[in-house]
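Visitor: Provided herewith is a single structure, encoded as structure tokens, for subsequent inquiry.
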Amino acid sequence: MEAVPSIERLSMRQAQSQRQQTRRSFFIIAAMTLFAFVWLVPIVWTLSLSFRPEHSITANLTLLLPLPFTAENYDFVFSSSRIPRWFVNSLIVASLRTFLQLMICSLAAYSFARVKFPFRQYIFYFVLIGLMVPGQATFIPVYLLFSNLKLLNSFPALILPGLASPFAVFLLVQFFKGIPIELEEAARLDGASRIGVYFRIFLPLSTPVLTALAIFTFLGTWNEYLWPLVAATDPDIMTITIGLNNLTATTYQANYGQTMAAAWTAGLPIVIFFFIFQKRIISGIQISSGIK
Amino acid sequence: MGSAKIANGRRYPLRLSKIERQDALVGFLFITPFIILYLIFNFVPILQGFWISLHNWDVIGTNIKFVGLRNYEILFGKDKLFWSSLEHTLFFAVLAGPGLIITGLALALMLNQRARGIGIFRTVFYMPNILSVTVVGLVFARVFAPGERGFVNAILDSLGVSMGSWFLDEASAMPTIAITKVWWSVGFNMLIFLAGLQDIPQALYDAAKVDGGGRWALFRHVTLPGLRRPMLFVIVLQAIASVQVFPLIDVLTGGGPAGSTRPLVMYLFERSFDYWQLGYGSAIAFVLFVFLFSISIFQLWFFSRGEVD
């Protein structure tokens with residue numbers, strides 16, 4: 001009979017600690033909600049600015065709702081600036097660079113991971129050195145190269161320099177090495193060529209890591225600032241990140257509604273892109289950091 | 001496969017079989033596009049940049065004269081702007097670094113629990129990270145606008161607190177840039193820490209609890225040691241990013257007021273693409289390269305050491 005009260009007491013204590021636990025996580029959630037709200041304020045505020053007429057902004061600056069609602073800022077931005085053009089430029093540059101980078105780097109990675117050729121290890125080390133070379137250190141010679149070729153202010157100038165990514169190769173080699181060799185050998189016995197194995201086994205099996213890389217390259221190119229700043233000075237060839245910078249520094253400075261309409265024309269598609277791919281983006285960061 | 005093997009199983013390397021020759025050819029063929037682009041855009045420019053830095057290379061292609069290490073002498077010897085830009089860069093690193101790491105860790109610790117809807121917070125805190133620097137710059141130029149046109153000032157004013165000049169004041173410009181930086185990119189660190197936290201085995205916590213460890217003891221003796229790798233990863237990445245800081249400052253202050261926030265890379269850009277002194281610019285670029293290369297080597301050394309023990 002001794003044991004019964006003690007079990008009761010034990011379960012009581014357990015319930016108590018459970019209650020404590022619940023209360024604690026309630027407080028954490030409440031704190032997080034507040035914190036998240038503060039985090040979102042800059043976005044919510046400026047987004048609603050972009051939908052408000054200027055006189056109303058002057059009257060009530062900190063309003064977080066787009067009231068009274070108007071789309072005239074966007075109308076103005078679309079009709080008076082090259083933003084639609086820059087948008088298309090960014091799409092072209094980011095998509096082409098992403099696609100070509102993945103093709104070139106995955107092909108090289110497959111070779112490094114699975115094909116035996118002389119000096120393979122040394123060439124791979126040589127590629128890894130590139131992980132430690134910052135872009136800013138290479139800009140001047142690369143600028144001179146394009147300048148001599150009369151190719152500044154062209155799509156090749158914006159796309160080519162980012163194609164050989166040592167990081168992409170490194171990550172893909174790690175991944176490809178984990179693909180069972182038996183799969184490859186079986187396909188080879190059935191008469192598949194190396195290129196066939198690459199296309200029909202390695203690419204399909206590495207969809208998660210390829211998707212993560214594609215998203216990062218796309219976002220990184222879309223948001224790239226330094227290189228386009230020097231390589232694309234002609235307004236017709238600018239990407240949206242650079243064009244926007246140019247436009248708002250000169251034209252719309254004083255007008256909050258128009259400036260923010262321009263900013264969110266550039267920013268909103270990326271935010272939507274993020275919400276569509278957020279699971280993959282978040283797991284992609286954790287995959288590629290090597291922590292997980 | 002078809003090659004002769006010697007007793008210990010190693011390949012006999014002197015003569016390649018047909019398949020091996022084929023493999024060698026295919027192997028080279030597959031890496032060729034990558035290697036060509038890598039040489040042109042990553043590797044050769046480093047050597048070429050060093051070569052250019054040994055010249056007076058003013059205005060593209062016209063006035064080029066070999067001067068040896070003279071650019072470096074001027075740079076280290078008497079260029080006050082170089083040293084001050086280095087100072088600003090370090091100041092930025094010291095302000096933003098701890099903010100990014102402590103806030104990132106705090107967010108990760110709070111989010112590391114099983115509760116419904118917790119994922120939404122992760123999304124919220126990470127989201128600013130995907131915005132381009134231009135958008136962040138435009139948004140925060142208004143959030144911290146001086147006078148009564150700024151959001152923060154309007155709030156402060158309504159609370160009866162005096163307004164600040166933020167980006168326009170030498171004393172507050174860099175801290176305000178650092179705050180913007182934390183808002184923009186702390187979400188990345190949070191994700192790395194979260195991944196690290198989820199990798200710490202629950203058994204370690206249970207064992208420490210049995211030993212009577214309190215909340216702080218758990219954090220101090222289980223969580224922090226368990227986060228060693230992500231912590232190092234974040235610190236090194238942060239150090240590299242801080243040395244390279246430029247776009248954010250460019251869009252927020254343009255290096256002002258009075259050059260008080262001009263970082264190293266901005267100085268490199270001004271010399272190269274405003275004054276067109278490509279030789280001198282290349283010297284700054286090479287110093288930057290050596291700087292970052294050293295950080296990376298340290299990282300490599302540290303992580304490979306961690307692998308062994």
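Just remember, in the structure tokens the first chain shown is A, the second B, etc., residues are 1-based per chain, and ligands are 1-based in the order shown.
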Residues at most 9 Å from B:Tyr126, counting only C-alpha atoms, excluding those fewer than 6 positions away in the same chain, as a VMD selection string?
Guide: (chain A and resid 282) or (chain B and resid 184 to 188 190 to 191)
Visitor: Which residues are near A:Tyr110? Cut-off 8 Å, only C-alpha atoms, ignore same chain within fewer than 5 positions. Put them as a PyMOL selection string.
Guide: chain A and resi 115+172-173+176+198+202
Visitor: Need to verify the contact set: B:Thr89, 6 Å, only C-alpha atoms, exclusion of same-chain residues closer than 3 positions in sequence. Can you return it as a list of chain:residue names?
Guide: B:Leu86, B:Phe92, B:Pro263
Visitor: As number ranges by chain, which residues of stretch 157-279 of chain B does DSSP assign to alpha helix (DSSP H)?
Guide: B: 157-158, 170-198, 202-210, 215-218, 224-226, 228-243, 247-252, 264-269, 278-279
Visitor: Name the residues in contact with stretch 79-82 of chain A at a cut-off of 10 Å, using only C-alpha atoms, excluding same-chain residues fewer than 3 positions from it; report them as a ChimeraX atom specification.
Guide: /A:73-76,85-87,235-236,238,240,243-244,247,251,262
Visitor: How would the residues just picked look written out with N, CA and C atoms as a CSV table (one decimal), in the first residue's frame?
Guide:
```
chain,number,residue,atom,x,y,z
A,73,ASN,N,0.5,55.1,-57.2
A,73,ASN,CA,2.0,55.1,-57.1
A,73,ASN,C,2.6,54.1,-58.0
A,74,TYR,N,1.9,52.9,-58.0
A,74,TYR,CA,2.4,51.8,-58.9
A,74,TYR,C,2.1,52.2,-60.4
A,75,ASP,N,1.0,52.8,-60.7
A,75,ASP,CA,0.7,53.3,-62.0
A,75,ASP,C,1.9,54.2,-62.5
A,76,PHE,N,2.2,55.1,-61.6
A,76,PHE,CA,3.2,56.1,-61.9
A,76,PHE,C,4.6,55.4,-62.2
A,85,ARG,N,11.2,46.9,-67.6
A,85,ARG,CA,12.4,46.5,-68.4
A,85,ARG,C,13.4,45.8,-67.5
A,86,TRP,N,13.8,46.5,-66.4
A,86,TRP,CA,14.8,46.0,-65.5
A,86,TRP,C,14.4,44.7,-64.9
A,87,PHE,N,13.0,44.6,-64.7
A,87,PHE,CA,12.5,43.3,-64.1
A,87,PHE,C,12.8,42.2,-65.1
A,235,PRO,N,21.2,52.2,-68.7
A,235,PRO,CA,19.9,52.0,-68.1
A,235,PRO,C,19.1,50.9,-68.8
A,236,ASP,N,19.4,50.6,-70.0
A,236,ASP,CA,18.6,49.6,-70.7
A,236,ASP,C,19.0,48.1,-70.3
A,238,MET,N,20.4,47.4,-67.2
A,238,MET,CA,20.5,47.3,-65.7
A,238,MET,C,19.5,46.2,-65.2
A,240,ILE,N,17.2,44.9,-61.9
A,240,ILE,CA,16.3,45.7,-61.1
A,240,ILE,C,17.0,46.2,-59.8
A,243,GLY,N,19.1,49.2,-61.0
A,243,GLY,CA,18.2,50.2,-61.6
A,243,GLY,C,17.4,51.0,-60.5
A,244,LEU,N,16.9,50.2,-59.6
A,244,LEU,CA,16.1,50.8,-58.5
A,244,LEU,C,17.0,51.7,-57.7
A,247,LEU,N,17.4,54.9,-59.8
A,247,LEU,CA,16.2,55.6,-59.9
A,247,LEU,C,15.9,56.4,-58.6
A,251,THR,N,15.5,60.3,-58.8
A,251,THR,CA,14.2,60.8,-59.2
A,251,THR,C,13.2,61.0,-58.0
A,262,ALA,N,8.2,51.7,-56.0
A,262,ALA,CA,9.3,51.2,-56.8
A,262,ALA,C,10.0,50.0,-56.0
```
Visitor: Taking 5 positions as the minimum chain separation for residues in the same chain, which residues sit within 12 Å of B:Pro33 when counting only C-alpha atoms? Answer as a list in words.
Guide: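 Near B:Pro33, the qualifying residues are Leu100, Gln101, Leu102, Met103, Ile104, Cys105, Ser106, Leu107, Ala108, Ala109, Ser111, Leu160, Leu163, Ala164 and Ser165 of chain A; Gly27, Phe28, Tyr38, Leu39 and Ile40 of chain B.
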Visitor: Output C-alpha atoms for every residue in the selection just made, as a CSV table (one decimal), in the first residue's frame.
Guide:
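Okay, this is what ended up in result-v3.csv:
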```
chain,number,residue,atom,x,y,z
A,100,LEU,CA,24.0,27.3,-66.9
A,101,GLN,CA,25.7,27.3,-63.5
A,102,LEU,CA,23.9,24.1,-62.5
A,103,MET,CA,24.6,22.4,-65.7
A,104,ILE,CA,28.3,23.3,-65.8
A,105,CYS,CA,29.0,22.7,-62.2
A,106,SER,CA,27.0,19.4,-61.9
A,107,LEU,CA,28.8,18.0,-64.9
A,108,ALA,CA,32.1,18.9,-63.4
A,109,ALA,CA,31.1,17.6,-60.0
A,111,SER,CA,33.4,13.9,-63.1
A,160,LEU,CA,29.3,34.7,-67.3
A,163,LEU,CA,28.9,30.5,-63.7
A,164,ALA,CA,31.9,28.7,-62.3
A,165,SER,CA,31.0,28.3,-58.7
B,27,GLY,CA,36.6,13.1,-67.2
B,28,PHE,CA,38.6,15.9,-68.7
B,38,TYR,CA,37.0,29.2,-63.5
B,39,LEU,CA,40.4,30.1,-64.9
B,40,ILE,CA,39.0,33.2,-66.7
```
Visitor: Compile the contact shell of A:Phe277 as a list in words: residues with an atom at most 12 Å away, counting only C-alpha atoms, same-chain residues fewer than 2 positions apart removed.
Guide: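 The filter keeps Pro208, Thr211, Ala212, Ala214, Ile215, Phe216, Leu219, Ile270, Val271, Ile272, Phe273, Phe274, Phe275, Lys279, Arg280, Ile281, Ile282, Ser283 and Gly284 of chain A; Thr123, Met127 and Ile130 of chain B.
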Visitor: Go ahead and write the residues just picked, N, CA and C atoms, as a PDB file, in the first residue's frame.
Guide:
```
ATOM      1  N   PRO A 208      16.886  17.405 -54.599  1.00  0.00           N
ATOM      2  CA  PRO A 208      16.826  18.339 -53.454  1.00  0.00           C
ATOM      3  C   PRO A 208      18.003  19.313 -53.419  1.00  0.00           C
ATOM      4  N   THR A 211      17.853  21.765 -56.317  1.00  0.00           N
ATOM      5  CA  THR A 211      16.836  22.800 -56.104  1.00  0.00           C
ATOM      6  C   THR A 211      17.361  23.856 -55.140  1.00  0.00           C
ATOM      7  N   ALA A 212      17.974  23.406 -54.055  1.00  0.00           N
ATOM      8  CA  ALA A 212      18.509  24.366 -53.085  1.00  0.00           C
ATOM      9  C   ALA A 212      19.516  25.290 -53.759  1.00  0.00           C
ATOM     10  N   ALA A 214      19.794  25.964 -56.926  1.00  0.00           N
ATOM     11  CA  ALA A 214      19.136  26.810 -57.920  1.00  0.00           C
ATOM     12  C   ALA A 214      18.491  28.017 -57.244  1.00  0.00           C
ATOM     13  N   ILE A 215      17.829  27.774 -56.136  1.00  0.00           N
ATOM     14  CA  ILE A 215      17.164  28.874 -55.433  1.00  0.00           C
ATOM     15  C   ILE A 215      18.195  29.902 -54.977  1.00  0.00           C
ATOM     16  N   PHE A 216      19.303  29.418 -54.427  1.00  0.00           N
ATOM     17  CA  PHE A 216      20.304  30.363 -53.927  1.00  0.00           C
ATOM     18  C   PHE A 216      20.964  31.152 -55.045  1.00  0.00           C
ATOM     19  N   LEU A 219      18.331  33.727 -56.283  1.00  0.00           N
ATOM     20  CA  LEU A 219      18.189  34.846 -55.348  1.00  0.00           C
ATOM     21  C   LEU A 219      19.458  35.698 -55.310  1.00  0.00           C
ATOM     22  N   ILE A 270      10.055  38.685 -54.987  1.00  0.00           N
ATOM     23  CA  ILE A 270      10.997  37.855 -54.238  1.00  0.00           C
ATOM     24  C   ILE A 270      10.351  37.323 -52.961  1.00  0.00           C
ATOM     25  N   VAL A 271       9.546  38.168 -52.326  1.00  0.00           N
ATOM     26  CA  VAL A 271       8.854  37.721 -51.113  1.00  0.00           C
ATOM     27  C   VAL A 271       7.885  36.588 -51.448  1.00  0.00           C
ATOM     28  N   ILE A 272       7.177  36.734 -52.561  1.00  0.00           N
ATOM     29  CA  ILE A 272       6.237  35.683 -52.972  1.00  0.00           C
ATOM     30  C   ILE A 272       6.989  34.394 -53.312  1.00  0.00           C
ATOM     31  N   PHE A 273       8.072  34.555 -54.049  1.00  0.00           N
ATOM     32  CA  PHE A 273       8.967  33.436 -54.377  1.00  0.00           C
ATOM     33  C   PHE A 273       9.387  32.725 -53.085  1.00  0.00           C
ATOM     34  N   PHE A 274       9.746  33.521 -52.090  1.00  0.00           N
ATOM     35  CA  PHE A 274      10.169  32.958 -50.809  1.00  0.00           C
ATOM     36  C   PHE A 274       9.050  32.143 -50.172  1.00  0.00           C
ATOM     37  N   PHE A 275       7.825  32.686 -50.174  1.00  0.00           N
ATOM     38  CA  PHE A 275       6.745  31.947 -49.530  1.00  0.00           C
ATOM     39  C   PHE A 275       6.429  30.652 -50.261  1.00  0.00           C
ATOM     40  N   LYS A 279      10.057  26.196 -47.501  1.00  0.00           N
ATOM     41  CA  LYS A 279      10.534  24.948 -46.882  1.00  0.00           C
ATOM     42  C   LYS A 279      11.872  24.544 -47.480  1.00  0.00           C
ATOM     43  N   ARG A 280      11.936  24.619 -48.827  1.00  0.00           N
ATOM     44  CA  ARG A 280      13.152  24.210 -49.515  1.00  0.00           C
ATOM     45  C   ARG A 280      14.297  25.169 -49.223  1.00  0.00           C
ATOM     46  N   ILE A 281      13.977  26.458 -49.121  1.00  0.00           N
ATOM     47  CA  ILE A 281      15.024  27.439 -48.851  1.00  0.00           C
ATOM     48  C   ILE A 281      15.621  27.180 -47.477  1.00  0.00           C
ATOM     49  N   ILE A 282      14.747  26.987 -46.494  1.00  0.00           N
ATOM     50  CA  ILE A 282      15.224  26.814 -45.127  1.00  0.00           C
ATOM     51  C   ILE A 282      16.012  25.510 -44.981  1.00  0.00           C
ATOM     52  N   SER A 283      15.479  24.419 -45.557  1.00  0.00           N
ATOM     53  CA  SER A 283      16.241  23.175 -45.431  1.00  0.00           C
ATOM     54  C   SER A 283      17.497  23.257 -46.288  1.00  0.00           C
ATOM     55  N   GLY A 284      17.426  24.015 -47.376  1.00  0.00           N
ATOM     56  CA  GLY A 284      18.592  24.178 -48.248  1.00  0.00           C
ATOM     57  C   GLY A 284      19.744  24.847 -47.530  1.00  0.00           C
TER      58      GLY A 284
ATOM     59  N   THR B 123       9.845  31.629 -40.306  1.00  0.00           N
ATOM     60  CA  THR B 123       9.650  32.285 -41.594  1.00  0.00           C
ATOM     61  C   THR B 123       9.770  33.801 -41.468  1.00  0.00           C
ATOM     62  N   MET B 127      12.712  35.959 -43.283  1.00  0.00           N
ATOM     63  CA  MET B 127      12.275  36.600 -44.526  1.00  0.00           C
ATOM     64  C   MET B 127      13.089  37.817 -44.981  1.00  0.00           C
ATOM     65  N   ILE B 130      15.979  37.565 -47.696  1.00  0.00           N
ATOM     66  CA  ILE B 130      15.887  37.362 -49.138  1.00  0.00           C
ATOM     67  C   ILE B 130      15.707  38.685 -49.882  1.00  0.00           C
TER      68      ILE B 130
END
```
Visitor: With only C-alpha atoms as the atoms that count, which of A:Gln20, A:Gln136, A:Thr259, A:Ser50 lies nearest to B:Ala241?
Guide: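 Between A:Gln20, A:Gln136, A:Thr259, A:Ser50, the residue approaching B:Ala241 most closely is A:Gln136.
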Visitor: Between atom CA of B:Ala173 and atom CA of B:Tyr275, what is the spacing in Å?
Guide: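 Rounded to one decimal, the two atoms are 25.6 Å apart.
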Visitor: With distances taken over only C-alpha atoms, which of A:Gly267, A:Pro68, A:Gly130, A:Gly257 is nearest to A:Val169?
Guide: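 Among the listed residues, the smallest separation from A:Val169 belongs to A:Gly130.
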Visitor: Between A:Glu184, A:Glu54, A:Asp234, A:Glu224, which has the minimum distance to chain B (counting only C-alpha atoms)?
Guide: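 Ranking A:Glu184, A:Glu54, A:Asp234, A:Glu224 by distance to chain B, first place goes to A:Glu224.
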Visitor: What's the separation between atom CA of B:Ile240 and atom CA of B:Pro225, in Å to one decimal place?
Guide: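 The value is 23.3 Å.
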Visitor: Record the distance separating atom CA of B:Val265 and atom CA of A:Val133, expressed in Å with one decimal.
Guide: 14.5 Å
